[in-house]
Amino acid sequence: MDEALARQLTDSQRRAVFHMEGPLLVLAGPGSGKTRVITHRIAALIDSGVAPYNICAITFTNKAAEEMRQRALSLGGSAGAHISTFHSLCVRILRRYADRAAISANFSIYDQADQLRCVKQAVKDRYLDAANFPPARMLEAIGALKNKLRDAESFAQEACDFFSRTLADVYRSYQNLLSERNGVDFDDLLMKTAVLLRDCPDVCSELSNRFKFVLIDEYQDTNYAQYKIAELLVSQHSNICATGDPDQSIYRWRGADIRNIMAFESDWPDAVVIKLEENFRSTANILAVADNLIAFNRNRKHKKLIATKPAGESVVLTAYEGEHEEAEAVARQIIELADNGAKLNDMAFFYRVNAQSRALEEAFVRSRIPYQIVRGVEFYRRKEIRDLLAYLKILVNPSDEIALLRVINTPARGIGKTTIDRIRAYAEQNRIGLFEAVKRSGKIESLSKAARARLAVFANMIAQFQEDLGGQGLPRACRGVAPLASRVLDESGMAQSLGAAGADGEVALENLNELINSAADYDKQTEQPSLLDYLQQISLFSDADAYDASSDCVRLMTLHAAKGLEFENVFIVGVEEGLLPHERSSAAESEEDLEEERRLFFVGITRAIARLHISYARYRTVRGQQLRTIPSQFLFELGPDITEQTEGSDYDYDGIDEDQSVESESIADFIPGQLVRHDAFGLGRIEKFVDMGANSVVSVRFNSGQTKSLMVKFANLSKVDM
DNA sequence: CATAGCCGCCTTTTT
DNA sequence: GGCGGCTATG
């Protein structure tokens with residue numbers, strides 16, 4: 001292990017790193033260097049003679065994996081260690097043990113758009129009304145089941161009420177659709193791997209013996225399936241090292257279960273637990289604000305944030321008139337900071353929902369501030385990109401009907417709905433796949449002569465592309481993905497048709513060229529490039545992976561994407577009720593959802609190194625309508641040590657509607673988040689205020705845990721200032 | 001069979 | 001406000 005780097009670690013970090021054998025849990029707050037502990041541990045393991053081949057590190061994003069790989073490499077050869085996300089690891093395992101997992105190795109990975117299509121189809125196939133069974137909801141429910149390793153059959157057996165039985169039906173149909181198409185969704189990757197390890201002891205022990213040391217970062221955001229995979233992977237040795245921070249768990253909605261990290265010590269009773277409470281990132285002021293906020297979470301183990309840096313500048317909270325004023329002001333501050341020597345790279349802007357990026361973008365464009373939106377998956381959602389990828393997908397996986405339907409008439413080649421319906425009918429009658437039916441179109445009598453000819457041309461074209469591939473759907477080693485993609489772009493007619501489509505077509509072609517460039521990068525960086533591997537890899541791309549630190553510009557991203565990053569200057573915008581906490585979480589009256597929103601804010605705050613600027617707007621345009629906003633209840637939880645600024649009018653929030661009568665105004669100034677005292681119930685916090693003039697009602701959550709609805713005029717509540 | 005235009009749906013966060 | 005699917009028309 002590198003001595004100079006080792007010296008940078010505190011005593012407890014060093015202990016964490018060097019405690020090699022057996023289970024180890026590193027419970028660490030933000031900015032404590034917990035990821036660094038993993039990196040150093042990898043280096044230390046290798047230094048003590050462990051073969052890199054025997055090490056498996058699991059990160060949360062591909063980007064994090066990439067960084068860890070490089071850092072571990074710089075600490076002394078870690079080449080050969082497996083460092084990836086859970087999902088990438090699962091792809092590797094499922095490809096390797098495809099026969100044992102009862103799938104075919106050339107599976108397509110379906111993203112949420114593909115998943116939604118399949119669920120819609122499944123709902124339709126069950127003759128259900130999409131209005132009563134919204135595909136998005138069904139998909140969410142199916143995902144939740146998969147995360148708990150519940151398959152359609154076992155769920156169907158236990159389903160007793162109408163909704164559950166219907167869900168079970170849809171789940172089963174959906175799964176059938178996927179397997180007919182040789183597709184797996186994101187949750188399947190985890191579930192199939194967990195089930196494989198669980199049900200095939202030989203595979204499990206083989207992998208557990210290969211990965212003699214398993215290290216997992218961001219353990220607080222693992223779901224049950226991931227937990228199970230981890231548990232099975234270390235079944236032969238218990239050499240599991242997990243790091244995480246329960247206060248930074250922000251993926252509960254996706255199945256992440258905070259209990260995994262909470263129960264680590266009982267899962268592995270001989271675990272060594274190391275707490276890293278020192279924060280090496282943020283100023284004391286920023287940490288104090290974070291600490292104040294997170295203390296409002298009741299479902300939490302108290303943890304101290306210990307600052308190692310001086311107080312620094314105070315955290316600034318600003319109220320703006322509208323989202324445009326907010327954006328303009330923020331742009332001015334960028335320029336001011338830059339004038340004082342700050343680098344654009346050191347500035348980041350966080351928001352709750354992606355739609356909020358627009359106002360910022362507009363302002364930055366006007367002010368000529370270079371910016372980058374950290375949103376990698378967006379690129380892959382573009383129509384032209386999906387189209388070209390769909391061509392590549394059917395080459396590898398001809399059963400991928402979704403891909404086939406995407407390209408069969410793209411660009412338009414006279415194969416319309418009628419033709420497709422007839423092919424499908426034929427395919428169903430003969431119990432063959434759609435692509436197989438296309439190949440046999442000459443024998444389909446219902447088709448017109450012209451349609452048959454067009455289909456023959458299409459099938460022939462695909463066959464030509466496929467000739468470039470080895471028999472197994474893998475390209476011959478000598479050929480890369482990029483040349484193939486380029487050839488498909490030209491010969492499919494896509495290039496020509498886009499070239500004739502004017503300005504939009506030009507943009508599309510540029511995007512496609514970018515895709516081909518990235519494929520060329522892949523070809524260069526991969527030892528044995530294969531189309532299958534390429535397609536599966538880019539399916540697992542995440543937003544955070546688009547973060548490119550090398551270009552000098554400011555970053556815009558959601559609070560979720562900010563996880564794991566740090567910036568000198570952080571701006572968190574739009575901290576309003578309904579946005580943060582988001583209405584979809586607090587509306588459910590679930591305290592757990594609310595606490596997750598608070599953690600999300602906490603994550604954002606603790607990204608800041610030196611300066612933190614929090615803001616909200618009094619008016620915000622939502623769905624085209626300008627609405628009065630309410631400052632987030634979280635703003636009242638930041639403590640006294642912040643500097644409040646106003647732009648436009650007063651900071652103090654002055655009621656739901658300024659035009660209210662004087663009489664009701666005196667009552668109406670209870671806003672959610674306000675601390676109040678009640679003679680009988682004690683301290684509480686306003687949750688809801690229903691304005692009915694003199695008969696206004698408030699709902700208050702008291703510290704005793706109970707929530708009461710009270711008439712303001714009788715309750716005799718007194719405001720408590722923080 | 002293609003295209004244009006209209007209607008209606010969704011709209012949190014993401015591997 | 002934006003996209004996707006559906007329908008009417010050429």
# chains A, B, ... in the order shown; residues from 1 in each chain; ligands from 1
$ residues_around --residues "Glu265 (chain A)" --least-positions-apart "6" --cutoff "10 Å" --atoms "only C-alpha atoms (C1' of nucleotides)" --output "list in words"
Pro23, Leu24, Leu25, Ala271, Val272 and Val273 of chain A
$ select_by_dssp --residues "region 18-94 of chain A" --states "alpha helix (DSSP H)" --output "VMD selection string"
chain A and resid 18 34 to 47 62 to 74 86 to 94
$ interface_residues --of "chain B" --to "chain A" --cutoff "9 Å" --atoms "only C-alpha atoms (C1' of nucleotides)" --output "number ranges by chain"
B: 1-2, 11-15
$ write_last_selection --atoms "C-alpha atoms (C1' of nucleotides)" --output "mmCIF file, in the first residue's frame"
data_model
loop_
_atom_site.group_PDB
_atom_site.id
_atom_site.type_symbol
_atom_site.label_atom_id
_atom_site.label_comp_id
_atom_site.auth_asym_id
_atom_site.auth_seq_id
_atom_site.Cartn_x
_atom_site.Cartn_y
_atom_site.Cartn_z
ATOM 1 C "C1'" DC B 1 -49.806 2.940 -47.223
ATOM 2 C "C1'" DA B 2 -47.985 7.571 -45.767
ATOM 3 C "C1'" DT B 11 -45.740 14.519 -15.666
ATOM 4 C "C1'" DT B 12 -40.209 12.317 -9.517
ATOM 5 C "C1'" DT B 13 -36.245 10.467 -8.546
ATOM 6 C "C1'" DT B 14 -33.170 5.743 -11.989
ATOM 7 C "C1'" DT B 15 -30.141 0.881 -12.428
#
$ interface_residues --of "chain A" --to "chain C" --cutoff "12 Å" --atoms "only C-alpha atoms (C1' of nucleotides)" --output "compact mmCIF listing (two decimals) with N, CA, C and O atoms, in the first residue's frame"
# COMPACT_ATOMS: atom_id res chain seq x y z
N ARG A 117 -43.78 -0.67 -22.79
CA ARG A 117 -44.43 -1.25 -23.96
C ARG A 117 -44.92 -2.65 -23.66
O ARG A 117 -46.03 -3.02 -24.03
N ALA A 355 -37.16 18.55 -15.09
CA ALA A 355 -37.79 19.67 -15.79
C ALA A 355 -37.24 21.01 -15.32
O ALA A 355 -37.27 22.00 -16.05
N LYS A 383 -34.88 9.23 -30.58
CA LYS A 383 -35.48 8.31 -31.53
C LYS A 383 -34.43 7.69 -32.45
O LYS A 383 -34.38 6.47 -32.63
N THR A 621 -43.77 28.19 -12.60
CA THR A 621 -44.66 27.76 -13.66
C THR A 621 -44.72 26.24 -13.66
O THR A 621 -43.71 25.56 -13.85
N VAL A 622 -45.90 25.74 -13.35
CA VAL A 622 -46.10 24.30 -13.33
C VAL A 622 -47.15 23.96 -14.37
O VAL A 622 -48.23 24.53 -14.36
N ARG A 623 -46.83 23.10 -15.28
CA ARG A 623 -47.75 22.72 -16.37
C ARG A 623 -48.30 23.96 -17.06
O ARG A 623 -49.50 24.09 -17.27
N GLY A 624 -47.40 24.88 -17.32
CA GLY A 624 -47.82 26.05 -18.06
C GLY A 624 -48.55 27.10 -17.24
O GLY A 624 -48.90 28.15 -17.75
N GLN A 625 -48.79 26.83 -15.96
CA GLN A 625 -49.51 27.79 -15.13
C GLN A 625 -48.61 28.34 -14.04
O GLN A 625 -47.89 27.59 -13.38
$ select_by_dssp --residues "region 89-272 of chain A" --states "strand (DSSP E)" --output "ChimeraX atom specification"
/A:108-110,183-185,213-216,240-244,272
$ write_last_selection --atoms "all heavy atoms" --output "compact mmCIF listing (two decimals), in the first residue's frame"
# COMPACT_ATOMS: atom_id res chain seq x y z
N SER A 108 -31.53 -9.31 -24.66
CA SER A 108 -31.60 -7.85 -24.72
C SER A 108 -31.98 -7.34 -23.35
O SER A 108 -32.74 -7.98 -22.64
CB SER A 108 -32.69 -7.41 -25.71
OG SER A 108 -32.39 -7.83 -27.01
N ILE A 109 -31.44 -6.18 -23.00
CA ILE A 109 -31.82 -5.56 -21.73
C ILE A 109 -32.84 -4.48 -22.02
O ILE A 109 -32.58 -3.56 -22.79
CB ILE A 109 -30.58 -4.98 -21.01
CG1 ILE A 109 -29.58 -6.10 -20.71
CG2 ILE A 109 -31.01 -4.27 -19.73
CD1 ILE A 109 -28.24 -5.61 -20.22
N TYR A 110 -33.99 -4.62 -21.40
CA TYR A 110 -35.08 -3.68 -21.68
C TYR A 110 -35.07 -2.53 -20.69
O TYR A 110 -35.12 -2.74 -19.48
CB TYR A 110 -36.43 -4.42 -21.62
CG TYR A 110 -36.73 -5.20 -22.89
CD1 TYR A 110 -35.76 -5.32 -23.89
CD2 TYR A 110 -37.97 -5.78 -23.09
CE1 TYR A 110 -36.03 -6.02 -25.05
CE2 TYR A 110 -38.24 -6.49 -24.27
CZ TYR A 110 -37.26 -6.60 -25.24
OH TYR A 110 -37.52 -7.28 -26.40
N GLY A 183 -35.70 -11.13 -23.63
CA GLY A 183 -35.35 -9.87 -23.00
C GLY A 183 -35.40 -9.99 -21.50
O GLY A 183 -36.13 -10.81 -20.95
N VAL A 184 -34.59 -9.20 -20.83
CA VAL A 184 -34.66 -9.10 -19.37
C VAL A 184 -34.74 -7.62 -19.01
O VAL A 184 -34.16 -6.79 -19.71
CB VAL A 184 -33.44 -9.73 -18.67
CG1 VAL A 184 -33.33 -11.20 -18.96
CG2 VAL A 184 -32.16 -9.03 -19.07
N ASP A 185 -35.47 -7.31 -17.96
CA ASP A 185 -35.48 -5.92 -17.54
C ASP A 185 -34.45 -5.74 -16.42
O ASP A 185 -33.79 -6.70 -16.00
CB ASP A 185 -36.89 -5.47 -17.13
CG ASP A 185 -37.45 -6.23 -15.94
OD1 ASP A 185 -36.64 -6.77 -15.15
OD2 ASP A 185 -38.68 -6.27 -15.80
N PHE A 213 -12.98 -11.87 -1.98
CA PHE A 213 -13.21 -10.63 -1.24
C PHE A 213 -14.24 -9.80 -1.99
O PHE A 213 -14.06 -9.49 -3.17
CB PHE A 213 -11.91 -9.84 -1.08
CG PHE A 213 -10.93 -10.53 -0.18
CD1 PHE A 213 -10.03 -11.46 -0.70
CD2 PHE A 213 -10.94 -10.28 1.18
CE1 PHE A 213 -9.15 -12.12 0.14
CE2 PHE A 213 -10.06 -10.94 2.02
CZ PHE A 213 -9.16 -11.86 1.51
N VAL A 214 -15.31 -9.50 -1.31
CA VAL A 214 -16.37 -8.72 -1.93
C VAL A 214 -16.50 -7.39 -1.20
O VAL A 214 -16.59 -7.36 0.03
CB VAL A 214 -17.71 -9.50 -1.89
CG1 VAL A 214 -18.85 -8.63 -2.42
CG2 VAL A 214 -17.61 -10.78 -2.70
N LEU A 215 -16.47 -6.31 -1.95
CA LEU A 215 -16.56 -4.98 -1.36
C LEU A 215 -17.72 -4.22 -1.99
O LEU A 215 -17.85 -4.18 -3.22
CB LEU A 215 -15.26 -4.20 -1.58
CG LEU A 215 -13.97 -4.91 -1.15
CD1 LEU A 215 -13.32 -5.61 -2.33
CD2 LEU A 215 -13.00 -3.92 -0.53
N ILE A 216 -18.57 -3.67 -1.17
CA ILE A 216 -19.76 -3.01 -1.70
C ILE A 216 -19.85 -1.58 -1.17
O ILE A 216 -19.91 -1.37 0.05
CB ILE A 216 -21.04 -3.77 -1.31
CG1 ILE A 216 -20.91 -5.23 -1.74
CG2 ILE A 216 -22.26 -3.13 -1.95
CD1 ILE A 216 -22.02 -6.11 -1.21
N ILE A 240 -16.87 -9.94 3.44
CA ILE A 240 -17.67 -8.87 2.85
C ILE A 240 -17.30 -7.56 3.53
O ILE A 240 -17.15 -7.50 4.74
CB ILE A 240 -19.18 -9.16 3.00
CG1 ILE A 240 -20.00 -8.04 2.34
CG2 ILE A 240 -19.58 -9.33 4.47
CD1 ILE A 240 -21.49 -8.33 2.26
N CYS A 241 -17.10 -6.57 2.72
CA CYS A 241 -16.81 -5.25 3.26
C CYS A 241 -17.83 -4.29 2.66
O CYS A 241 -17.90 -4.15 1.44
CB CYS A 241 -15.40 -4.83 2.90
SG CYS A 241 -15.10 -3.06 3.09
N ALA A 242 -18.65 -3.72 3.50
CA ALA A 242 -19.68 -2.81 2.99
C ALA A 242 -19.46 -1.42 3.58
O ALA A 242 -19.08 -1.29 4.74
CB ALA A 242 -21.07 -3.31 3.36
N THR A 243 -19.66 -0.42 2.77
CA THR A 243 -19.62 0.93 3.30
C THR A 243 -20.93 1.62 2.97
O THR A 243 -21.55 1.33 1.94
CB THR A 243 -18.48 1.77 2.68
OG1 THR A 243 -18.81 2.03 1.32
CG2 THR A 243 -17.15 1.06 2.77
N GLY A 244 -21.33 2.49 3.83
CA GLY A 244 -22.57 3.19 3.55
C GLY A 244 -22.94 4.15 4.65
O GLY A 244 -22.29 4.22 5.69
N VAL A 272 -16.69 -6.58 12.09
CA VAL A 272 -16.04 -5.41 12.67
C VAL A 272 -16.77 -4.20 12.11
O VAL A 272 -17.03 -4.12 10.91
CB VAL A 272 -14.56 -5.38 12.26
CG1 VAL A 272 -13.90 -4.08 12.71
CG2 VAL A 272 -13.83 -6.59 12.81
$ atom_distance --atom1 "CA of Arg677 (chain A)" --atom2 "CA of Gln633 (chain A)"
16.7 Å
$ atom_distance --atom1 "CA of Ile572 (chain A)" --atom2 "CA of Phe601 (chain A)"
8.6 Å
$ decode --residues "chain C" --atoms "C-alpha atoms (C1' of nucleotides)" --output "PDB file, in the first residue's frame"
ATOM      1  C1'  DG C   1     -46.291  21.519 -21.886  1.00  0.00           C
ATOM      2  C1'  DG C   2     -44.667  17.528 -24.488  1.00  0.00           C
ATOM      3  C1'  DC C   3     -45.056  13.204 -26.582  1.00  0.00           C
ATOM      4  C1'  DG C   4     -47.356   9.306 -28.507  1.00  0.00           C
ATOM      5  C1'  DG C   5     -51.039   7.234 -30.547  1.00  0.00           C
ATOM      6  C1'  DC C   6     -55.052   7.538 -33.274  1.00  0.00           C
ATOM      7  C1'  DT C   7     -57.798   9.148 -37.217  1.00  0.00           C
ATOM      8  C1'  DA C   8     -58.893  11.289 -41.380  1.00  0.00           C
ATOM      9  C1'  DT C   9     -57.301  12.362 -45.683  1.00  0.00           C
ATOM     10  C1'  DG C  10     -54.416  12.110 -49.929  1.00  0.00           C
TER      11       DG C  10
END
